[in-house]
Amino acid sequence: MSKGKMILTVILVVLALGALSLYGFVKGTYNNFVALDEQVKSSWSQVENQLQRRYDLIPNLVETVKGYAKHEREVLTEVTNARARVGQAATVPEKISANNELSAALSRLLLVVERYPDLKASANFLRLQDELAGTENRIAVERRRYNEAVKNYNVAIRSFPANLLAGMFGFEKAAFFEAPATAKTAPAVKF
């Protein structure tokens with residue numbers, strides 16, 4: 001074999017190894033993005049399951065409170081309207097915002113309940129309140145899991161050199177489920 005052919009063979013082998021390495025990197029990185037994206041979607045689905053559970057509890061809770069607190073129309077209307085906005089939300093950020101509004105409205109509703117001792121003693125209300133509290137705990141757990149999945153995904157698509165591929169393949173940053181601004185201030189409780 002001549003020296004020229006040997007050099008050409010070495011160059012071709014090096015290029016082939018480089019191409020295979022590049023292919024492996026692109027394939028592995030892309031598949032990692034897909035897996036992380038699916039984890040975000042799966043986590044969001046679990047959040048939505050719990051939000052739906054809360055959404056379904058609200059009409060019963062409102063009807064129970066209505067029977068006792070007839071003078072609290074404004075708060076009941078606010079809860080009903082916030083629930084309607086949750087049902088109309090289409091995108092993840094819209095759903096997050098609508099559910100934050102609903103959480104705030106429910107907090108105000110539960111503060112109103114404090115003024116009605118008969119309502120607080122009602123077995124139906126107590127059962128609904130327990131179910132709502134359990135659901136809120138489940139929502140908190142699923143939100144935490146969702147935010148963890150979003151963090152892992154966002155870190156992966158923003159890390160160099162993977163970010164170059166993320167941009168090429170259209171992987172975009174996912175939205176965190178953040179607490180509403182009202183959650184940063186403690187509610188005023190008066191006795």
# chains A, B, ... in the order shown; residues from 1 in each chain; ligands from 1
>>> residues_around(residues="Gly170 of chain A", least_positions_apart="2", cutoff="12 Å", atoms="only C-alpha atoms", output="compact mmCIF listing (two decimals) with N, CA and C atoms, in the first residue's frame")
# COMPACT_ATOMS: atom_id res chain seq x y z
N TYR A 30 -30.87 14.47 21.49
CA TYR A 30 -32.26 14.61 21.03
C TYR A 30 -33.18 13.68 21.82
N PHE A 33 -33.80 15.01 25.22
CA PHE A 33 -34.78 16.10 25.19
C PHE A 33 -36.19 15.55 25.10
N VAL A 34 -36.39 14.56 24.25
CA VAL A 34 -37.71 13.95 24.09
C VAL A 34 -38.17 13.33 25.41
N ASP A 37 -39.00 16.09 27.86
CA ASP A 37 -40.24 16.75 27.44
C ASP A 37 -41.45 15.90 27.81
N ILE A 157 -32.07 21.78 27.96
CA ILE A 157 -32.13 22.48 26.67
C ILE A 157 -31.34 23.78 26.67
N ASN A 163 -27.81 23.09 23.83
CA ASN A 163 -28.73 24.18 23.50
C ASN A 163 -28.75 24.46 21.99
N LEU A 164 -27.66 24.19 21.31
CA LEU A 164 -27.62 24.39 19.86
C LEU A 164 -28.59 23.44 19.18
N LEU A 165 -28.61 22.20 19.65
CA LEU A 165 -29.54 21.21 19.09
C LEU A 165 -30.97 21.51 19.50
N ALA A 166 -31.17 21.95 20.73
CA ALA A 166 -32.52 22.26 21.20
C ALA A 166 -33.15 23.33 20.31
N GLY A 167 -32.38 24.35 19.97
CA GLY A 167 -32.88 25.40 19.08
C GLY A 167 -33.17 24.88 17.69
N MET A 168 -32.29 24.01 17.18
CA MET A 168 -32.49 23.45 15.84
C MET A 168 -33.75 22.60 15.76
N GLU A 172 -38.49 24.23 23.31
CA GLU A 172 -38.58 25.54 23.97
C GLU A 172 -38.71 25.37 25.48
N LYS A 173 -38.34 26.40 26.18
CA LYS A 173 -38.39 26.43 27.63
C LYS A 173 -39.82 26.18 28.11
>>> residues_around(residues="Ile58 of chain A", least_positions_apart="2", cutoff="9 Å", atoms="only C-alpha atoms", output="PyMOL selection string")
chain A and resi 53-56+60-63+79-80+83+106+128+132
>>> write_last_selection(atoms="N, CA and C atoms", output="short mmCIF file (atom, residue, chain, number, x, y, z; two decimals), in the first residue's frame")
data_model
loop_
_atom_site.label_atom_id
_atom_site.label_comp_id
_atom_site.auth_asym_id
_atom_site.auth_seq_id
_atom_site.Cartn_x
_atom_site.Cartn_y
_atom_site.Cartn_z
N ARG A 53 -59.89 17.36 40.06
CA ARG A 53 -60.55 16.88 41.28
C ARG A 53 -61.05 18.08 42.09
N ARG A 54 -60.19 19.09 42.25
CA ARG A 54 -60.60 20.29 42.98
C ARG A 54 -61.73 20.99 42.24
N TYR A 55 -61.59 21.10 40.94
CA TYR A 55 -62.60 21.75 40.08
C TYR A 55 -63.97 21.07 40.28
N ASP A 56 -63.97 19.75 40.38
CA ASP A 56 -65.22 19.01 40.56
C ASP A 56 -65.80 19.16 41.96
N ASN A 60 -70.08 21.54 44.78
CA ASN A 60 -70.68 21.02 46.01
C ASN A 60 -70.35 21.92 47.20
N LEU A 61 -69.12 22.39 47.24
CA LEU A 61 -68.71 23.27 48.33
C LEU A 61 -69.48 24.58 48.29
N VAL A 62 -69.60 25.16 47.11
CA VAL A 62 -70.33 26.43 46.95
C VAL A 62 -71.80 26.25 47.34
N GLU A 63 -72.42 25.17 46.89
CA GLU A 63 -73.83 24.92 47.23
C GLU A 63 -74.02 24.75 48.73
N VAL A 79 -65.75 32.78 43.42
CA VAL A 79 -65.31 31.39 43.30
C VAL A 79 -65.86 30.77 42.02
N THR A 80 -67.13 31.02 41.75
CA THR A 80 -67.76 30.46 40.54
C THR A 80 -67.09 31.00 39.28
N ARG A 83 -63.64 29.50 38.87
CA ARG A 83 -63.78 28.12 38.39
C ARG A 83 -64.06 28.11 36.89
N LEU A 106 -60.85 30.52 46.69
CA LEU A 106 -61.19 29.50 47.68
C LEU A 106 -60.70 29.90 49.07
N LEU A 128 -66.59 17.90 52.73
CA LEU A 128 -66.10 18.61 51.54
C LEU A 128 -64.81 19.36 51.85
N LEU A 132 -61.30 18.79 50.06
CA LEU A 132 -60.59 19.91 49.44
C LEU A 132 -59.17 20.03 50.00
#
>>> closest_residue(among="A:Gln52, A:Ser21, A:Gln39, A:Thr64", to="Arg127 of chain A", atoms="only C-alpha atoms")
A:Thr64
>>> closest_residue(among="A:Ala84, A:Asp118, A:Glu78, A:Val26", to="Ala104 of chain A", atoms="only C-alpha atoms")
A:Glu78
>>> atom_distance(atom1="atom CA of Ala162 of chain A", atom2="atom CA of Val150 of chain A")
16.3 Å
>>> atom_distance(atom1="atom CA of Thr77 of chain A", atom2="atom CA of Asp130 of chain A")
22.1 Å
>>> atom_distance(atom1="atom CA of Lys95 of chain A", atom2="atom CA of Asn31 of chain A")
28.0 Å
>>> closest_residue(among="A:Met6, A:Glu48, A:Arg73, A:Phe171", to="Ala35 of chain A", atoms="only C-alpha atoms")
A:Phe171
>>> residues_around(residues="Trp44 of chain A", least_positions_apart="4", cutoff="12 Å", atoms="only C-alpha atoms", output="list in words")
Asp37, Glu38, Gln39, Val40, Glu48, Asn49, Gln50, Leu51, Thr91, Val92, Pro93, Lys95, Ile96, Ile139, Val141, Glu142, Arg143, Arg144, Arg145, Tyr146, Asn147, Glu148, Ala149, Val150, Ala174, Ala175, Phe176 and Phe177 of chain A
>>> write_last_selection(atoms="C-alpha atoms", output="mmCIF file, in the first residue's frame")
data_model
loop_
_atom_site.group_PDB
_atom_site.id
_atom_site.type_symbol
_atom_site.label_atom_id
_atom_site.label_comp_id
_atom_site.auth_asym_id
_atom_site.auth_seq_id
_atom_site.Cartn_x
_atom_site.Cartn_y
_atom_site.Cartn_z
ATOM 1 C CA ASP A 37 -40.240 16.752 27.440
ATOM 2 C CA GLU A 38 -42.452 13.696 27.960
ATOM 3 C CA GLN A 39 -41.678 13.780 31.683
ATOM 4 C CA VAL A 40 -42.812 17.419 31.808
ATOM 5 C CA GLU A 48 -54.260 18.542 35.895
ATOM 6 C CA ASN A 49 -55.764 15.375 37.410
ATOM 7 C CA GLN A 50 -55.613 16.947 40.852
ATOM 8 C CA LEU A 51 -56.790 20.343 39.592
ATOM 9 C CA THR A 91 -52.445 26.776 27.493
ATOM 10 C CA VAL A 92 -50.317 25.706 30.459
ATOM 11 C CA PRO A 93 -49.552 29.328 31.501
ATOM 12 C CA LYS A 95 -54.184 27.150 33.345
ATOM 13 C CA ILE A 96 -51.574 28.053 35.948
ATOM 14 C CA ILE A 139 -51.920 19.457 44.051
ATOM 15 C CA VAL A 141 -47.123 17.378 45.602
ATOM 16 C CA GLU A 142 -47.853 17.198 41.869
ATOM 17 C CA ARG A 143 -46.866 20.855 41.365
ATOM 18 C CA ARG A 144 -43.535 20.126 43.029
ATOM 19 C CA ARG A 145 -42.993 17.097 40.774
ATOM 20 C CA TYR A 146 -43.990 19.096 37.713
ATOM 21 C CA ASN A 147 -41.631 21.951 38.604
ATOM 22 C CA GLU A 148 -38.804 19.442 39.141
ATOM 23 C CA ALA A 149 -39.442 17.960 35.682
ATOM 24 C CA VAL A 150 -39.548 21.468 34.166
ATOM 25 C CA ALA A 174 -41.294 25.069 29.724
ATOM 26 C CA ALA A 175 -43.246 27.216 32.210
ATOM 27 C CA PHE A 176 -42.973 26.651 35.950
ATOM 28 C CA PHE A 177 -46.120 26.432 38.084
#
>>> closest_residue(among="A:Phe25, A:Glu136, A:Tyr68, A:Leu57", to="Val112 of chain A", atoms="only C-alpha atoms")
A:Tyr68
>>> select_by_dssp(residues="segment 70-115 of chain A", states="helix (DSSP H, G or I)", output="ChimeraX atom specification")
/A:73-88,92-113
>>> closest_residue(among="A:Tyr23, A:Phe160, A:Tyr116, A:Phe169", to="Val65 of chain A", atoms="only C-alpha atoms")
A:Tyr116
